[in-house]
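Here's structure.cif, which has mmCIF, C-alpha atoms:
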```
data_target
loop_
_atom_site.label_atom_id
_atom_site.label_comp_id
_atom_site.auth_asym_id
_atom_site.auth_seq_id
_atom_site.Cartn_x
_atom_site.Cartn_y
_atom_site.Cartn_z
CA MET M 1 -20.10 -32.24 22.09
CA THR M 2 -17.87 -29.21 22.52
CA ALA M 3 -14.71 -30.73 21.00
CA PRO M 4 -16.11 -31.05 17.44
CA ALA M 5 -17.32 -27.45 17.60
CA LEU M 6 -13.88 -26.18 18.60
CA ALA M 7 -11.92 -28.21 16.08
CA PRO M 8 -12.93 -26.23 12.97
CA VAL M 9 -11.90 -23.00 14.71
CA GLY M 10 -8.43 -24.31 15.41
CA GLY M 11 -8.24 -25.69 11.89
CA THR M 12 -9.24 -22.34 10.43
CA ARG M 13 -6.63 -20.54 12.51
CA SER M 14 -4.01 -23.06 11.48
CA ARG M 15 -4.85 -22.67 7.80
CA GLY M 16 -4.87 -18.89 8.16
CA SER M 17 -1.50 -18.95 9.87
CA LEU M 18 -0.07 -21.22 7.18
CA GLY M 19 -1.43 -18.98 4.44
CA ALA M 20 0.07 -15.92 6.10
CA ARG M 21 3.45 -17.66 6.38
CA VAL M 22 3.42 -18.68 2.72
CA ALA M 23 2.39 -15.17 1.65
CA GLY M 24 5.00 -13.65 3.94
CA GLY M 25 7.71 -15.91 2.56
CA PHE M 26 6.74 -14.95 -0.97
CA LEU M 27 6.91 -11.25 -0.10
CA VAL M 28 10.35 -11.71 1.44
CA LEU M 29 11.52 -13.25 -1.83
CA VAL M 30 10.01 -10.36 -3.81
CA VAL M 31 11.76 -7.78 -1.61
CA LEU M 32 15.08 -9.63 -1.89
CA ALA M 33 14.66 -9.87 -5.66
CA ALA M 34 14.01 -6.11 -5.84
CA VAL M 35 17.05 -5.29 -3.70
CA LEU M 36 19.32 -7.67 -5.63
CA ALA M 37 17.85 -6.89 -9.07
CA PRO M 38 21.08 -5.36 -10.47
CA LEU M 39 22.96 -8.51 -9.48
CA ILE M 40 20.50 -11.25 -10.44
CA ALA M 41 18.76 -9.77 -13.50
CA PRO M 42 20.21 -11.42 -16.61
CA TYR M 43 19.93 -8.23 -18.70
CA ALA M 44 19.64 -4.49 -18.20
CA PRO M 45 15.94 -3.56 -17.98
CA ASP M 46 16.23 -1.13 -20.92
CA ALA M 47 18.38 -3.38 -23.14
CA ILE M 48 16.65 -3.51 -26.55
CA ASP M 49 17.15 -6.41 -28.97
CA LEU M 50 14.72 -6.18 -31.88
CA SER M 51 15.92 -9.52 -33.19
CA ALA M 52 14.44 -11.13 -30.06
CA SER M 53 11.08 -9.35 -30.23
CA LEU M 54 8.22 -11.27 -28.59
CA VAL M 55 10.31 -14.37 -28.00
CA GLY M 56 8.65 -16.92 -25.75
CA THR M 57 10.21 -18.61 -22.76
CA SER M 58 13.68 -19.97 -23.48
CA GLY M 59 17.04 -20.52 -21.90
CA ASP M 60 18.10 -16.99 -22.81
CA HIS M 61 14.83 -15.38 -21.72
CA LEU M 62 13.15 -17.36 -18.96
CA LEU M 63 9.94 -15.30 -19.08
CA GLY M 64 10.17 -14.21 -22.71
CA THR M 65 10.58 -10.73 -24.15
CA ASP M 66 8.37 -7.78 -25.08
CA SER M 67 7.89 -6.18 -28.50
CA SER M 68 11.22 -4.34 -28.17
CA GLY M 69 13.10 -7.50 -27.27
CA GLN M 70 13.54 -6.44 -23.64
CA ASP M 71 13.85 -9.34 -21.22
CA LEU M 72 10.66 -9.56 -19.14
CA LEU M 73 12.32 -11.19 -16.13
CA SER M 74 14.87 -8.37 -15.91
CA ARG M 75 12.18 -5.72 -16.26
CA VAL M 76 9.95 -7.31 -13.60
CA LEU M 77 12.86 -7.59 -11.16
CA HIS M 78 13.85 -3.95 -11.62
CA GLY M 79 10.22 -2.83 -11.69
CA ALA M 80 9.66 -4.37 -8.27
CA ARG M 81 11.65 -1.51 -6.78
CA THR M 82 9.26 1.19 -7.98
CA SER M 83 6.20 -0.97 -7.42
CA LEU M 84 7.13 -1.61 -3.76
CA ILE M 85 8.74 1.69 -2.72
CA ALA M 86 6.05 3.97 -4.16
CA PRO M 87 3.21 2.53 -2.01
CA VAL M 88 5.40 2.91 1.09
CA LEU M 89 5.91 6.60 0.34
CA LEU M 90 2.22 7.02 -0.46
CA LEU M 91 1.14 5.50 2.84
CA ALA M 92 3.76 7.51 4.74
CA ILE M 93 2.17 10.71 3.44
CA ALA M 94 -1.34 9.46 4.22
CA ALA M 95 -0.26 8.35 7.71
CA LEU M 96 1.42 11.66 8.53
CA LEU M 97 -1.63 13.69 7.54
CA GLY M 98 -4.31 11.19 8.52
CA VAL M 99 -2.96 10.38 11.97
CA THR M 100 -2.54 14.08 12.70
CA LEU M 101 -6.09 14.95 11.64
CA GLY M 102 -7.65 11.90 13.30
CA THR M 103 -5.85 12.47 16.59
CA LEU M 104 -6.71 16.19 16.56
CA ALA M 105 -10.39 15.45 15.93
CA ALA M 106 -10.57 12.81 18.69
CA TRP M 107 -8.67 14.91 21.23
CA ARG M 108 -10.31 18.28 20.70
CA GLY M 109 -13.83 17.12 19.87
CA GLY M 110 -16.54 19.75 19.38
CA TRP M 111 -16.27 22.00 16.34
CA VAL M 112 -12.77 20.72 15.52
CA ASP M 113 -14.08 17.17 15.27
CA THR M 114 -17.01 18.37 13.19
CA LEU M 115 -14.75 20.34 10.83
CA VAL M 116 -12.34 17.46 10.30
CA SER M 117 -15.25 15.07 9.75
CA ARG M 118 -16.77 17.38 7.13
CA ILE M 119 -13.44 17.75 5.33
CA THR M 120 -12.95 13.98 5.18
CA ASP M 121 -16.57 13.51 4.07
CA VAL M 122 -16.04 15.96 1.20
CA MET M 123 -12.90 14.09 0.15
CA TYR M 124 -14.82 10.81 0.34
CA ALA M 125 -17.39 12.27 -2.06
CA PHE M 126 -14.78 12.02 -4.83
CA PRO M 127 -13.56 8.54 -5.84
CA GLY M 128 -9.89 8.24 -4.96
CA LEU M 129 -8.66 7.70 -8.51
CA LEU M 130 -10.83 10.54 -9.87
CA PHE M 131 -9.43 12.88 -7.22
CA THR M 132 -5.92 11.78 -8.16
CA VAL M 133 -6.52 12.25 -11.88
CA LEU M 134 -7.77 15.78 -11.23
CA ILE M 135 -4.56 16.62 -9.36
CA ILE M 136 -2.45 15.04 -12.11
CA ALA M 137 -4.34 17.09 -14.71
CA VAL M 138 -3.21 20.24 -12.91
CA PHE M 139 0.38 19.32 -11.98
CA GLY M 140 1.23 16.86 -14.74
CA ALA M 141 1.71 13.10 -14.99
CA GLY M 142 4.51 11.23 -13.27
CA MET M 143 5.18 8.89 -10.39
CA THR M 144 5.97 11.71 -7.95
CA THR M 145 2.66 13.46 -8.63
CA SER M 146 0.80 10.14 -8.44
CA VAL M 147 2.31 9.31 -5.04
CA LEU M 148 1.50 12.74 -3.63
CA ALA M 149 -2.02 12.74 -5.06
CA LEU M 150 -2.86 9.25 -3.84
CA GLY M 151 -1.33 10.11 -0.47
CA LEU M 152 -3.91 12.88 -0.17
CA ALA M 153 -6.65 10.55 -1.43
CA TYR M 154 -5.84 7.97 1.27
CA THR M 155 -5.60 10.60 4.02
CA PRO M 156 -9.34 10.64 4.95
CA THR M 157 -9.36 6.84 5.23
CA VAL M 158 -6.45 6.86 7.67
CA ALA M 159 -7.90 9.89 9.51
CA LYS M 160 -11.26 8.21 10.11
CA TYR M 161 -9.63 5.03 11.36
CA THR M 162 -7.25 6.97 13.62
CA ARG M 163 -10.13 9.01 15.04
CA SER M 164 -12.10 5.86 15.90
CA VAL M 165 -9.24 4.19 17.78
CA ALA M 166 -8.08 7.47 19.35
CA LEU M 167 -11.54 8.11 20.81
CA ALA M 168 -11.40 4.77 22.62
CA GLU M 169 -7.81 5.35 23.77
CA ARG M 170 -8.60 8.86 24.99
CA ARG M 171 -11.10 7.50 27.54
CA LYS M 172 -8.51 5.35 29.31
CA PRO M 173 -7.48 6.32 32.88
CA TYR M 174 -3.84 7.06 32.10
CA ILE M 175 -4.90 10.05 30.00
CA ASP M 176 -6.62 11.63 33.01
CA ALA M 177 -3.59 10.80 35.15
CA TYR M 178 -1.29 12.76 32.84
CA ARG M 179 -3.74 15.65 32.79
CA VAL M 180 -3.79 15.74 36.60
CA GLN M 181 -0.01 15.98 36.52
CA GLY M 182 -0.38 19.16 34.45
CA MET M 183 0.84 17.72 31.16
CA GLY M 184 -0.46 19.59 28.09
CA GLY M 185 -2.69 17.99 25.48
CA ALA M 186 -0.16 18.21 22.66
CA ARG M 187 2.50 16.51 24.78
CA ILE M 188 0.12 13.77 25.92
CA CYS M 189 -0.85 13.06 22.31
CA ALA M 190 2.71 13.09 20.99
CA LEU M 191 4.36 11.10 23.79
CA HIS M 192 1.62 8.72 24.89
CA LEU M 193 -1.63 8.66 22.89
CA VAL M 194 -0.24 8.29 19.36
CA PRO M 195 2.50 5.79 20.34
CA ASN M 196 -0.16 3.63 21.99
CA LEU M 197 -2.13 3.72 18.74
CA GLY M 198 0.94 2.68 16.75
CA ARG M 199 0.27 -1.05 16.66
CA SER M 200 -3.29 -0.64 15.40
CA ILE M 201 -2.35 2.00 12.83
CA VAL M 202 0.60 -0.02 11.49
CA GLY M 203 -1.63 -3.07 11.11
CA TYR M 204 -4.18 -1.00 9.22
CA LEU M 205 -1.51 0.45 6.91
CA VAL M 206 -0.26 -3.03 6.08
CA VAL M 207 -3.79 -3.92 5.01
CA LEU M 208 -3.90 -0.80 2.81
CA PHE M 209 -0.54 -1.56 1.16
CA GLY M 210 -1.97 -3.93 -1.45
CA GLU M 211 -4.69 -1.46 -2.37
CA ALA M 212 -2.13 1.34 -2.66
CA LEU M 213 0.06 -0.79 -4.93
CA MET M 214 -2.93 -1.59 -7.13
CA SER M 215 -3.96 2.08 -7.31
CA LEU M 216 -0.48 3.15 -8.42
CA ALA M 217 -0.33 0.34 -10.98
CA THR M 218 -3.72 1.47 -12.32
CA LEU M 219 -2.47 5.04 -12.75
CA SER M 220 0.63 3.80 -14.57
CA TYR M 221 -1.55 1.60 -16.77
CA LEU M 222 -3.67 4.64 -17.66
CA GLY M 223 -0.56 6.65 -18.47
CA PHE M 224 -0.74 8.99 -15.46
CA GLY M 225 1.91 7.33 -13.28
CA ALA M 226 5.29 5.96 -14.27
CA GLN M 227 6.46 6.99 -17.73
CA PRO M 228 8.63 5.12 -20.26
CA PRO M 229 11.28 3.74 -20.10
CA SER M 230 10.32 2.80 -16.52
CA SER M 231 9.86 -0.88 -15.70
CA ASP M 232 6.91 -0.19 -13.39
CA TRP M 233 4.57 -3.18 -13.46
CA GLY M 234 1.45 -1.19 -14.30
CA LEU M 235 3.20 0.49 -17.22
CA MET M 236 4.50 -2.90 -18.41
CA VAL M 237 0.93 -4.24 -18.56
CA GLN M 238 -0.12 -1.24 -20.64
CA GLU M 239 2.84 -1.62 -22.99
CA GLY M 240 2.17 -5.35 -23.35
CA GLN M 241 -1.41 -4.91 -24.53
CA ALA M 242 -0.46 -4.45 -28.16
CA ALA M 243 1.39 -7.78 -28.13
CA VAL M 244 -1.77 -9.60 -27.00
CA VAL M 245 -3.34 -8.85 -30.40
CA GLN M 246 -0.37 -10.59 -32.01
CA GLY M 247 -0.91 -13.65 -29.83
CA ALA M 248 1.93 -12.91 -27.38
CA LEU M 249 0.45 -13.00 -23.86
CA LEU M 250 3.62 -12.90 -21.76
CA PRO M 251 4.41 -9.14 -22.03
CA ALA M 252 1.10 -8.32 -20.30
CA LEU M 253 0.65 -11.54 -18.33
CA VAL M 254 4.00 -11.54 -16.50
CA PRO M 255 3.73 -8.07 -14.88
CA GLY M 256 -0.02 -8.51 -14.36
CA LEU M 257 0.58 -11.76 -12.51
CA ALA M 258 3.30 -10.11 -10.43
CA ILE M 259 0.86 -7.38 -9.38
CA ALA M 260 -1.86 -9.90 -8.53
CA LEU M 261 0.39 -12.17 -6.48
CA VAL M 262 1.95 -9.32 -4.50
CA VAL M 263 -1.42 -7.65 -3.82
CA VAL M 264 -3.01 -10.91 -2.67
CA SER M 265 0.01 -11.74 -0.52
CA PHE M 266 -0.05 -8.31 1.14
CA ASN M 267 -3.78 -8.67 1.79
CA VAL M 268 -3.25 -12.05 3.46
CA VAL M 269 -0.30 -10.84 5.52
CA GLY M 270 -2.03 -7.53 6.25
CA VAL M 271 -5.15 -9.11 7.69
CA ARG M 272 -3.04 -11.41 9.84
CA ALA M 273 -0.79 -8.55 10.98
CA ALA M 274 -3.76 -6.31 11.77
CA ASP M 275 -5.30 -9.09 13.85
CA ARG M 276 -2.12 -9.74 15.83
CA LEU M 277 -1.14 -6.10 16.27
CA GLY M 278 -4.66 -5.06 17.17
CA SER M 279 -4.97 -7.81 19.77
CA GLY M 280 -1.50 -7.08 21.14
CA ARG M 281 -0.26 -10.65 20.66
#
```
I'd like the structure from this file rewritten - as C-alpha cells, please.
Amino acid sequence: MTAPALAPVGGTRSRGSLGARVAGGFLVLVVLAAVLAPLIAPYAPDAIDLSASLVGTSGDHLLGTDSSGQDLLSRVLHGARTSLIAPVLLLAIAALLGVTLGTLAAWRGGWVDTLVSRITDVMYAFPGLLFTVLIIAVFGAGMTTSVLALGLAYTPTVAKYTRSVALAERRKPYIDAYRVQGMGGARICALHLVPNLGRSIVGYLVVLFGEALMSLATLSYLGFGAQPPSSDWGLMVQEGQAAVVQGALLPALVPGLAIALVVVSFNVVGVRAADRLGSGR
C-alpha cells in the first residue's frame, strides 16, 4: 500500500530534476553564446542593409532581419550580454542593501527592526516599476539608471527575506557562544551570521533573476531602459512592433521568445537551486 503512494513523489522529483537539467543546459548555451557573440554572430549587430529589410529566414539570415535589414540572430546574440549582465548588477545592488538592512533589523530588534520594517513597507506601497519610472523621470532614461532604480526597488524584498532567515539563525547556540567569548555584534554578523545565510540568500536571488530580467526588458520596451542602437531584447521587441503591422512577426517574436525562454529557464533552475541550497544538499 505504501509503495504506490511513494512512487509519484519519486517520479515528480525525477521530472523536476530533469527539467532543471534541461533548463540549466539551455542557460549554459545562452551564456556561452553571449560570451562568444563577437565570434559566432554572422554580422555586426548594428550592420544596416536596407535592401534586406524584413527578410524572412534564409541561408544568409537564419532568423530573418528587422526593418533596417539588421540580422536578428546577430542582434539577439549580442543583446544577450546586456540582458544577462544587467540583472546580475541589479541583484548585486539589492543584495548589498537588502542583506545589510535585513541583518541589522534581525540582530538589533526593537526600534531598529520597527524602523526598517516601516521603511520597507513604505517602499512596498509603490509598485516596483512605478517606483523605478519615478526615479527615471528625475535622473533620465538609460540602462544605468534603470539598474540602479530597480536595485532599490528590489531591496525591500531581499531585506524582508534576509530578516526572516536571520531571525532563525540568530537563535542558534553558536551565536551565544561567540557572545560569551566577547565577540562584538558587528563581527559576529560579518564573520559568521551572514556567511551562514549565504546559501539561502543565493538561492533566493537565483529565483529573482528571471523577474529582474523581465523587469529590465519591460523598461527597455517602454523606452526607459536601453536606448538605440542597443540590441537589448526588450528594446528589440519594441522596435519590432511596427513590423508586425506589415505582417513580419520575426523582429518582435525572436527577442520576445528569447526573453520568455530565459526567464522560464531561470525560474526552473532557481526553484531547484533554492530547494537544494536551502536544504543544504
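Atom CA of M:Pro38 is positioned 23.1 Å from atom CA of M:Gly24.
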Can you pull out the residues contacting stretch 155-163 of chain M? Cut-off 9 Å, using all atoms listed in the file, and skip same-chain residues under 4 positions away; I want them as a PyMOL selection string. chain M and resi 91+93-107+116-117+119-121+123-124+150-151+167-168+197+200-201+204-205
Can you give me, as a PyMOL selection string, the residues this file yields under the PyMOL selection byres ((chain M and resi 51-59) around 8)? chain M and resi 49-50+60-70+243+248+250-251
So how far away is atom CA of M:Gly225 from atom CA of M:Ser146, in Å? 5.7 Å
The PyMOL selection byres ((chain M and resi 192) around 12) on the file shown: which residues, as a count of residues only? 26
Expressed in Å, the length from atom CA of M:Val133 to atom CA of M:Arg75 is 26.3 Å
Spell out the residues picked by the PyMOL selection byres ((chain M and resi 228-241) around 6) here, as a ChimeraX atom specification. /M:75,79,217,220-221,227,242-244,251-252,255
With C-alpha atoms kept, could you save the residues just selected as a PDB file, in the frame of the given file?
```pdb
ATOM      1  CA  ARG M  75      12.180  -5.720 -16.260  1.00  0.00           C
ATOM      2  CA  GLY M  79      10.220  -2.830 -11.690  1.00  0.00           C
ATOM      3  CA  ALA M 217      -0.330   0.340 -10.980  1.00  0.00           C
ATOM      4  CA  SER M 220       0.630   3.800 -14.570  1.00  0.00           C
ATOM      5  CA  TYR M 221      -1.550   1.600 -16.770  1.00  0.00           C
ATOM      6  CA  GLN M 227       6.460   6.990 -17.730  1.00  0.00           C
ATOM      7  CA  ALA M 242      -0.460  -4.450 -28.160  1.00  0.00           C
ATOM      8  CA  ALA M 243       1.390  -7.780 -28.130  1.00  0.00           C
ATOM      9  CA  VAL M 244      -1.770  -9.600 -27.000  1.00  0.00           C
ATOM     10  CA  PRO M 251       4.410  -9.140 -22.030  1.00  0.00           C
ATOM     11  CA  ALA M 252       1.100  -8.320 -20.300  1.00  0.00           C
ATOM     12  CA  PRO M 255       3.730  -8.070 -14.880  1.00  0.00           C
TER      13      PRO M 255
END
```
Any idea what's packed within 9 Å of M:Ala23, counting only C-alpha atoms, ignoring anything in its chain fewer than 6 positions away? Could you give it as a PDB file with C-alpha atoms, keeping the file's coordinate frame?
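Just written: around.pdb:
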```pdb
ATOM      1  CA  LEU M 261       0.390 -12.170  -6.480  1.00  0.00           C
ATOM      2  CA  VAL M 262       1.950  -9.320  -4.500  1.00  0.00           C
ATOM      3  CA  VAL M 264      -3.010 -10.910  -2.670  1.00  0.00           C
ATOM      4  CA  SER M 265       0.010 -11.740  -0.520  1.00  0.00           C
ATOM      5  CA  PHE M 266      -0.050  -8.310   1.140  1.00  0.00           C
ATOM      6  CA  ASN M 267      -3.780  -8.670   1.790  1.00  0.00           C
ATOM      7  CA  VAL M 268      -3.250 -12.050   3.460  1.00  0.00           C
ATOM      8  CA  VAL M 269      -0.300 -10.840   5.520  1.00  0.00           C
TER       9      VAL M 269
END
```
Please identify all polymer residues within 7 Å of M:Gly210, counting all atoms listed in the file, omitting same-chain residues fewer than 2 positions from it, and present them as a PyMOL selection string. chain M and resi 207-208+212-214+263+266-267
With distances taken over only C-alpha atoms, which of M:Phe131, M:Phe26, M:Phe209, M:Tyr43 is nearest to M:Leu89? M:Phe209
Completion step: stretch 40-59 of chain M with N, CA, C and O atoms as a tab-separated table (two decimals), in the frame of the given file:
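Writing done, so here's selection08.tsv:
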```tsv
chain	number	residue	atom	x	y	z
M	40	ILE	N	21.08	-9.99	-9.98
M	40	ILE	CA	20.50	-11.25	-10.44
M	40	ILE	C	19.77	-11.14	-11.77
M	40	ILE	O	19.48	-12.16	-12.39
M	41	ALA	N	19.44	-9.93	-12.20
M	41	ALA	CA	18.76	-9.77	-13.50
M	41	ALA	C	19.71	-10.14	-14.62
M	41	ALA	O	20.85	-9.63	-14.67
M	42	PRO	N	19.30	-10.99	-15.54
M	42	PRO	CA	20.21	-11.42	-16.61
M	42	PRO	C	20.56	-10.33	-17.62
M	42	PRO	O	21.58	-10.40	-18.29
M	43	TYR	N	19.69	-9.32	-17.75
M	43	TYR	CA	19.93	-8.23	-18.70
M	43	TYR	C	19.60	-6.90	-18.03
M	43	TYR	O	18.93	-6.85	-17.00
M	44	ALA	N	20.06	-5.82	-18.64
M	44	ALA	CA	19.64	-4.49	-18.20
M	44	ALA	C	18.16	-4.32	-18.55
M	44	ALA	O	17.71	-4.82	-19.60
M	45	PRO	N	17.38	-3.65	-17.72
M	45	PRO	CA	15.94	-3.56	-17.98
M	45	PRO	C	15.60	-2.79	-19.25
M	45	PRO	O	14.52	-3.01	-19.82
M	46	ASP	N	16.50	-1.92	-19.72
M	46	ASP	CA	16.23	-1.13	-20.92
M	46	ASP	C	17.03	-1.62	-22.13
M	46	ASP	O	17.12	-0.92	-23.14
M	47	ALA	N	17.60	-2.83	-22.03
M	47	ALA	CA	18.38	-3.38	-23.14
M	47	ALA	C	17.44	-3.84	-24.25
M	47	ALA	O	16.62	-4.74	-24.05
M	48	ILE	N	17.53	-3.21	-25.42
M	48	ILE	CA	16.65	-3.51	-26.55
M	48	ILE	C	17.36	-4.43	-27.54
M	48	ILE	O	18.51	-4.21	-27.90
M	49	ASP	N	16.63	-5.47	-27.96
M	49	ASP	CA	17.15	-6.41	-28.97
M	49	ASP	C	16.00	-6.76	-29.90
M	49	ASP	O	15.22	-7.68	-29.63
M	50	LEU	N	15.85	-5.99	-30.98
M	50	LEU	CA	14.72	-6.18	-31.88
M	50	LEU	C	14.72	-7.56	-32.54
M	50	LEU	O	13.66	-8.03	-32.97
M	51	SER	N	15.87	-8.18	-32.60
M	51	SER	CA	15.92	-9.52	-33.19
M	51	SER	C	15.26	-10.57	-32.29
M	51	SER	O	14.96	-11.68	-32.72
M	52	ALA	N	15.06	-10.21	-31.01
M	52	ALA	CA	14.44	-11.13	-30.06
M	52	ALA	C	13.05	-10.65	-29.67
M	52	ALA	O	12.56	-10.97	-28.59
M	53	SER	N	12.40	-9.90	-30.53
M	53	SER	CA	11.08	-9.35	-30.23
M	53	SER	C	10.04	-10.45	-30.03
M	53	SER	O	9.91	-11.37	-30.85
M	54	LEU	N	9.32	-10.35	-28.92
M	54	LEU	CA	8.22	-11.27	-28.59
M	54	LEU	C	8.65	-12.73	-28.61
M	54	LEU	O	7.91	-13.61	-29.05
M	55	VAL	N	9.84	-12.99	-28.13
M	55	VAL	CA	10.31	-14.37	-28.00
M	55	VAL	C	9.66	-14.99	-26.77
M	55	VAL	O	9.52	-14.34	-25.73
M	56	GLY	N	9.25	-16.23	-26.88
M	56	GLY	CA	8.65	-16.92	-25.75
M	56	GLY	C	9.70	-17.35	-24.74
M	56	GLY	O	10.88	-16.97	-24.84
M	57	THR	N	9.28	-18.15	-23.79
M	57	THR	CA	10.21	-18.61	-22.76
M	57	THR	C	11.30	-19.47	-23.39
M	57	THR	O	11.04	-20.30	-24.25
M	58	SER	N	12.53	-19.22	-22.95
M	58	SER	CA	13.68	-19.97	-23.48
M	58	SER	C	14.80	-19.90	-22.47
M	58	SER	O	14.69	-19.25	-21.41
M	59	GLY	N	15.90	-20.56	-22.80
M	59	GLY	CA	17.04	-20.52	-21.90
M	59	GLY	C	17.63	-19.13	-21.77
M	59	GLY	O	18.15	-18.75	-20.71
```
